[in-house]
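Chemist: Sharing a structure with you now.
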Amino acid sequence: MSSLPPLSEASRLCDSTAQVMRAIAYRDYREPTVADIGAYDVEHGSGAMPDPLLSSHRLTRFYLVGAGDFVYSLGQLLGLRQPMITSPAVLARSAAEYSSRCAYLSSGDDSPGVRISKAFNLYREAFNDFGVSKPDADPQMVELAQGINDWRSAHTLPKTSLPNYTNLVHKLAPSIGRREYQRLSGVAHANAISITGSIISAQQDNAQNVDDGWRYALFATHCGVMAAGLVGDLRGVDITPVLSCRAAYEHYELQYNQYLWDLSVERGFDPGEPRPT
């Protein structure tokens, strides 16, 4: 039976992927159909939203930087002499969350108006999370929300909707996205059943720790590298480093799937398909 590589290799995968994500995030902004983002904003910006297109691109940077921070931190915890398991699970889920928002804003097929409309959706969601409609809301936050809403009302933008984030993560990582995103929800949100199973597993079975650690690393790096690829294409930069990270991911994904196949056979289950090659 094949065995999984040590978690030190998962740590290195996370580290290299995070570095590429951060490098792509800080490349110059580019809107494919707009020659000058600043000139566009002079024409369309006003009031509380003086730079709507630039703000939309800044969000792609912020989300990708945040996702990369989570991927890096996950790798650091997996690289410890006694790897942590619960915290990496939460970091992997957070990396997927940030990557999904980044991907939502980073389609090269979107018009400037669509990109701004999507950014407005995320701002509106954020203001709702801050409770700006509640009696005890922060007055400054209420004022900012009202100013952005006023700008939105004064401009005609394409209608867009917030995506279903589970579906968006699934698109980023079709083979594992939906399953892992939902599975990690319980750990991230302190579900009693999920946290009990996670802690007992970590205490009793070292092999399971390695399995879980690799699952978290593969999930987070896949979501992160796909989001970085979208941003790289949008910025019009060389994405060779992203493709190298994708190749490294695929190398380890194959080993992980072979391990699962062998484990099923060893336990007497029919995988129902040939061994991955």
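Within each chain, counting starts at residue 1; across the structure tokens, chains are named A, B, ... in the order shown, with ligands numbered 1 upward in that order.
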At a cut-off of 9 Å, can you tabulate as JSON lines every residue of segment 4-73 of chain A near segment 238-256 of chain A together with its closest atom pair and the distance in Å to one decimal, using only C-alpha atoms and ordering rows by chain then number?
Modeler:
```
{"residue": "A:Leu4", "atom": "CA", "partner": "A:Tyr256", "partner_atom": "CA", "distance": 6.5}
{"residue": "A:Pro5", "atom": "CA", "partner": "A:Gln255", "partner_atom": "CA", "distance": 8.2}
{"residue": "A:Ala10", "atom": "CA", "partner": "A:Tyr252", "partner_atom": "CA", "distance": 8.5}
{"residue": "A:Leu13", "atom": "CA", "partner": "A:Ala248", "partner_atom": "CA", "distance": 7.3}
{"residue": "A:Ser16", "atom": "CA", "partner": "A:Cys245", "partner_atom": "CA", "distance": 7.3}
{"residue": "A:Thr17", "atom": "CA", "partner": "A:Cys245", "partner_atom": "CA", "distance": 5.9}
{"residue": "A:Val20", "atom": "CA", "partner": "A:Pro241", "partner_atom": "CA", "distance": 6.5}
{"residue": "A:Met21", "atom": "CA", "partner": "A:Val242", "partner_atom": "CA", "distance": 7.9}
{"residue": "A:Ile24", "atom": "CA", "partner": "A:Ile239", "partner_atom": "CA", "distance": 8.2}
```
Chemist: Can you tell me, as a list of chain:residue names, what residues are no more than 10 Å from Gly113 of chain A when counting only C-alpha atoms, ignoring any on the same chain fewer than 5 positions away?
Modeler: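 Skipping anything fewer than 5 positions along the chain leaves A:Pro52, A:Leu53, A:Lys118, A:Ala119, A:His155, A:Thr156, A:Leu157, A:Pro158, A:Lys159, A:Thr160.
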Chemist: Based on the selection just made, write N, CA, C and O atoms of those residues as a PDB file, in the first residue's frame.
Modeler:
```pdb
ATOM      1  N   PRO A  52     -14.489  53.915  -7.999  1.00  0.00           N
ATOM      2  CA  PRO A  52     -15.198  52.628  -7.973  1.00  0.00           C
ATOM      3  C   PRO A  52     -14.456  51.484  -8.637  1.00  0.00           C
ATOM      4  O   PRO A  52     -14.442  50.362  -8.111  1.00  0.00           O
ATOM      5  N   LEU A  53     -13.826  51.738  -9.777  1.00  0.00           N
ATOM      6  CA  LEU A  53     -13.136  50.646 -10.465  1.00  0.00           C
ATOM      7  C   LEU A  53     -11.848  50.271  -9.735  1.00  0.00           C
ATOM      8  O   LEU A  53     -11.538  49.092  -9.561  1.00  0.00           O
ATOM      9  N   LYS A 118     -20.363  43.879  -8.747  1.00  0.00           N
ATOM     10  CA  LYS A 118     -20.032  42.762  -7.861  1.00  0.00           C
ATOM     11  C   LYS A 118     -19.358  43.263  -6.582  1.00  0.00           C
ATOM     12  O   LYS A 118     -19.638  42.770  -5.476  1.00  0.00           O
ATOM     13  N   ALA A 119     -18.457  44.240  -6.734  1.00  0.00           N
ATOM     14  CA  ALA A 119     -17.797  44.797  -5.550  1.00  0.00           C
ATOM     15  C   ALA A 119     -18.825  45.453  -4.634  1.00  0.00           C
ATOM     16  O   ALA A 119     -18.751  45.314  -3.405  1.00  0.00           O
ATOM     17  N   HIS A 155     -26.080  55.802 -10.149  1.00  0.00           N
ATOM     18  CA  HIS A 155     -25.392  55.255 -11.317  1.00  0.00           C
ATOM     19  C   HIS A 155     -26.090  53.988 -11.814  1.00  0.00           C
ATOM     20  O   HIS A 155     -26.561  53.173 -11.034  1.00  0.00           O
ATOM     21  N   THR A 156     -26.139  53.881 -13.108  1.00  0.00           N
ATOM     22  CA  THR A 156     -26.738  52.690 -13.717  1.00  0.00           C
ATOM     23  C   THR A 156     -25.653  51.640 -13.926  1.00  0.00           C
ATOM     24  O   THR A 156     -24.723  51.835 -14.710  1.00  0.00           O
ATOM     25  N   LEU A 157     -25.782  50.532 -13.196  1.00  0.00           N
ATOM     26  CA  LEU A 157     -24.824  49.439 -13.297  1.00  0.00           C
ATOM     27  C   LEU A 157     -25.562  48.145 -13.630  1.00  0.00           C
ATOM     28  O   LEU A 157     -26.750  48.004 -13.310  1.00  0.00           O
ATOM     29  N   PRO A 158     -24.897  47.214 -14.271  1.00  0.00           N
ATOM     30  CA  PRO A 158     -25.542  45.924 -14.526  1.00  0.00           C
ATOM     31  C   PRO A 158     -25.946  45.262 -13.211  1.00  0.00           C
ATOM     32  O   PRO A 158     -25.272  45.408 -12.193  1.00  0.00           O
ATOM     33  N   LYS A 159     -27.045  44.537 -13.240  1.00  0.00           N
ATOM     34  CA  LYS A 159     -27.485  43.817 -12.052  1.00  0.00           C
ATOM     35  C   LYS A 159     -26.676  42.532 -11.907  1.00  0.00           C
ATOM     36  O   LYS A 159     -26.555  41.756 -12.830  1.00  0.00           O
ATOM     37  N   THR A 160     -26.123  42.343 -10.738  1.00  0.00           N
ATOM     38  CA  THR A 160     -25.413  41.111 -10.417  1.00  0.00           C
ATOM     39  C   THR A 160     -25.878  40.648  -9.041  1.00  0.00           C
ATOM     40  O   THR A 160     -26.423  41.433  -8.267  1.00  0.00           O
TER      41      THR A 160
END
```
Chemist: Identify which of the residues A:Asp51, A:Asp270, A:Asp36, A:Asp28 lies closest to Trp151 of chain A, counting only C-alpha atoms when measuring atom-to-atom distances.
Modeler: A:Asp51
Chemist: When distances are computed from only C-alpha atoms, which of A:Val210, A:Ala228, A:Leu54, A:Ala89 shows the smallest separation from Gln182 of chain A?
Modeler: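 Result for the nearest residue to Gln182 of chain A: A:Ala89.
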Chemist: Show me, as JSON, numbers by chain, the residues that have an atom within 9 Å of Arg12 of chain A when counting only C-alpha atoms, minus same-chain residues fewer than 4 positions from it.
Modeler: {"A": [7, 8, 16, 17, 75, 76, 79]}
Chemist: Just all heavy atoms for this one: save the residues we selected as a compact mmCIF listing (two decimals), in the first residue's frame.
Modeler:
```txt
# COMPACT_ATOMS: atom_id res chain seq x y z
N LEU A 7 4.08 15.41 6.29
CA LEU A 7 3.42 16.71 6.28
C LEU A 7 4.41 17.85 6.04
O LEU A 7 4.00 18.96 5.71
CB LEU A 7 2.65 16.94 7.58
CG LEU A 7 1.33 16.16 7.70
CD1 LEU A 7 0.67 16.45 9.05
CD2 LEU A 7 0.39 16.50 6.56
N SER A 8 5.70 17.59 6.21
CA SER A 8 6.69 18.63 5.89
C SER A 8 6.60 19.01 4.41
O SER A 8 6.84 20.17 4.05
CB SER A 8 8.10 18.15 6.22
OG SER A 8 8.41 16.96 5.50
N SER A 16 5.23 27.63 -0.83
CA SER A 16 5.51 28.09 -2.20
C SER A 16 4.27 28.66 -2.86
O SER A 16 4.34 29.67 -3.57
CB SER A 16 6.08 26.94 -3.03
OG SER A 16 5.18 25.84 -3.09
N THR A 17 3.12 28.04 -2.61
CA THR A 17 1.87 28.55 -3.19
C THR A 17 1.54 29.92 -2.63
O THR A 17 1.15 30.84 -3.37
CB THR A 17 0.72 27.57 -2.92
OG1 THR A 17 1.03 26.29 -3.49
CG2 THR A 17 -0.59 28.07 -3.53
N GLY A 75 0.49 26.08 6.29
CA GLY A 75 1.73 25.35 6.07
C GLY A 75 2.66 25.39 7.27
O GLY A 75 3.32 24.40 7.59
N GLN A 76 2.72 26.54 7.96
CA GLN A 76 3.57 26.64 9.14
C GLN A 76 3.13 25.68 10.24
O GLN A 76 3.96 25.04 10.90
CB GLN A 76 3.55 28.08 9.68
CG GLN A 76 4.22 29.09 8.76
CD GLN A 76 5.69 28.79 8.53
OE1 GLN A 76 6.49 28.81 9.47
NE2 GLN A 76 6.05 28.49 7.30
N GLY A 79 3.96 22.12 9.43
CA GLY A 79 5.40 21.88 9.47
C GLY A 79 5.98 21.75 10.86
O GLY A 79 7.18 21.51 11.00
```
Chemist: Give the alpha helix (DSSP H) residues of segment 11-192 of chain A, as DSSP finds them on the backbone, and put them as a ChimeraX atom specification.
Modeler: /A:11-25,37-44,52-78,86-105,112-129,139-153,165-172,177-188,192
Chemist: Quick one: of A:Val65, A:Val132, A:Leu91, A:Leu105, who's nearest to Gln146 of chain A, counting only C-alpha atoms?
Modeler: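 Looking only at the distances to Gln146 of chain A, the closest residue turns out to be A:Val132.
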Chemist: In terms of the shortest atom-to-atom distance over only C-alpha atoms, which of A:Ser46, A:Thr86, A:Ser106, A:Ser73 is closest to Leu59 of chain A?
Modeler: A:Ser106
Chemist: Suppose you want the space between atom CA of Val231 of chain A and atom CA of Gly38 of chain A; what is it in Å?
Modeler: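 So the two atoms, atom CA of Val231 of chain A and atom CA of Gly38 of chain A, lie 19.2 Å apart.
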Chemist: Which is closer to Ser153 of chain A than all the others in A:Ala25, A:Met49, A:Leu77, A:Val90, using only C-alpha atoms?
Modeler: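 For Ser153 of chain A, the nearest of the given residues is A:Met49.
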Chemist: Under the rule that only C-alpha atoms are counted, which of A:Ala35, A:Ala173, A:Ala137, A:Leu80 is the nearest residue to Gly224 of chain A?
Modeler: A:Ala173
Chemist: With only C-alpha atoms as the counted atoms, please give the residues lying no more than 10 Å from Ser194 of chain A, apart from itself and same-chain residues fewer than 6 positions off, as a list in words.
Modeler: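 Contacts, in chain order: Arg183, Leu184, Ser185, Gly186, Val187 and Ala188 of chain A.
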Chemist: Keeping only N, CA, C and O atoms, write those residues as a PDB file, in the first residue's frame.
Modeler:
```pdb
ATOM      1  N   ARG A 183     -17.539  20.207   4.836  1.00  0.00           N
ATOM      2  CA  ARG A 183     -16.992  19.422   5.942  1.00  0.00           C
ATOM      3  C   ARG A 183     -16.302  20.331   6.957  1.00  0.00           C
ATOM      4  O   ARG A 183     -16.446  20.141   8.173  1.00  0.00           O
ATOM      5  N   LEU A 184     -15.557  21.319   6.472  1.00  0.00           N
ATOM      6  CA  LEU A 184     -14.798  22.193   7.365  1.00  0.00           C
ATOM      7  C   LEU A 184     -15.658  23.262   8.019  1.00  0.00           C
ATOM      8  O   LEU A 184     -15.206  23.934   8.939  1.00  0.00           O
ATOM      9  N   SER A 185     -16.871  23.420   7.552  1.00  0.00           N
ATOM     10  CA  SER A 185     -17.770  24.402   8.161  1.00  0.00           C
ATOM     11  C   SER A 185     -17.975  24.111   9.641  1.00  0.00           C
ATOM     12  O   SER A 185     -17.970  25.015  10.472  1.00  0.00           O
ATOM     13  N   GLY A 186     -18.120  22.827   9.957  1.00  0.00           N
ATOM     14  CA  GLY A 186     -18.363  22.471  11.354  1.00  0.00           C
ATOM     15  C   GLY A 186     -17.201  22.827  12.259  1.00  0.00           C
ATOM     16  O   GLY A 186     -17.395  23.312  13.385  1.00  0.00           O
ATOM     17  N   VAL A 187     -15.967  22.618  11.786  1.00  0.00           N
ATOM     18  CA  VAL A 187     -14.797  22.951  12.602  1.00  0.00           C
ATOM     19  C   VAL A 187     -14.654  24.472  12.727  1.00  0.00           C
ATOM     20  O   VAL A 187     -14.395  24.999  13.812  1.00  0.00           O
ATOM     21  N   ALA A 188     -14.854  25.169  11.609  1.00  0.00           N
ATOM     22  CA  ALA A 188     -14.701  26.628  11.621  1.00  0.00           C
ATOM     23  C   ALA A 188     -15.740  27.313  12.499  1.00  0.00           C
ATOM     24  O   ALA A 188     -15.463  28.366  13.087  1.00  0.00           O
TER      25      ALA A 188
END
```
Chemist: So how many Å separate atom CA of Phe62 of chain A and atom CA of Asn167 of chain A, to one decimal?
Modeler: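 Computed distance, atom CA of Phe62 of chain A to atom CA of Asn167 of chain A, equals 21.6 Å.
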Chemist: Quick one: everything within 10 Å of Ala202 of chain A, counting only C-alpha atoms, minus sequence neighbours fewer than 3 positions away in the same chain. Send it as a ChimeraX atom specification.
Modeler: /A:83-86,196-199,205-210,212
Chemist: Those selected residues, please, written with C-alpha atoms and delivered as a short mmCIF file (atom, residue, chain, number, x, y, z; two decimals), in the first residue's frame.
Modeler:
```
data_model
loop_
_atom_site.label_atom_id
_atom_site.label_comp_id
_atom_site.auth_asym_id
_atom_site.auth_seq_id
_atom_site.Cartn_x
_atom_site.Cartn_y
_atom_site.Cartn_z
CA PRO A 83 1.60 19.23 13.53
CA MET A 84 -1.60 20.93 14.61
CA ILE A 85 -4.83 19.73 13.03
CA THR A 86 -7.79 21.84 14.22
CA THR A 196 -15.31 16.35 19.05
CA GLY A 197 -14.44 14.12 16.11
CA SER A 198 -11.52 16.34 15.10
CA ILE A 199 -9.91 16.44 18.56
CA ASP A 205 -4.50 8.25 15.26
CA ASN A 206 -1.33 9.82 13.87
CA ALA A 207 -1.98 8.37 10.39
CA GLN A 208 -5.32 10.17 10.35
CA ASN A 209 -3.54 13.40 11.26
CA VAL A 210 -1.37 13.08 8.16
CA ASP A 212 -6.33 15.30 7.40
#
```
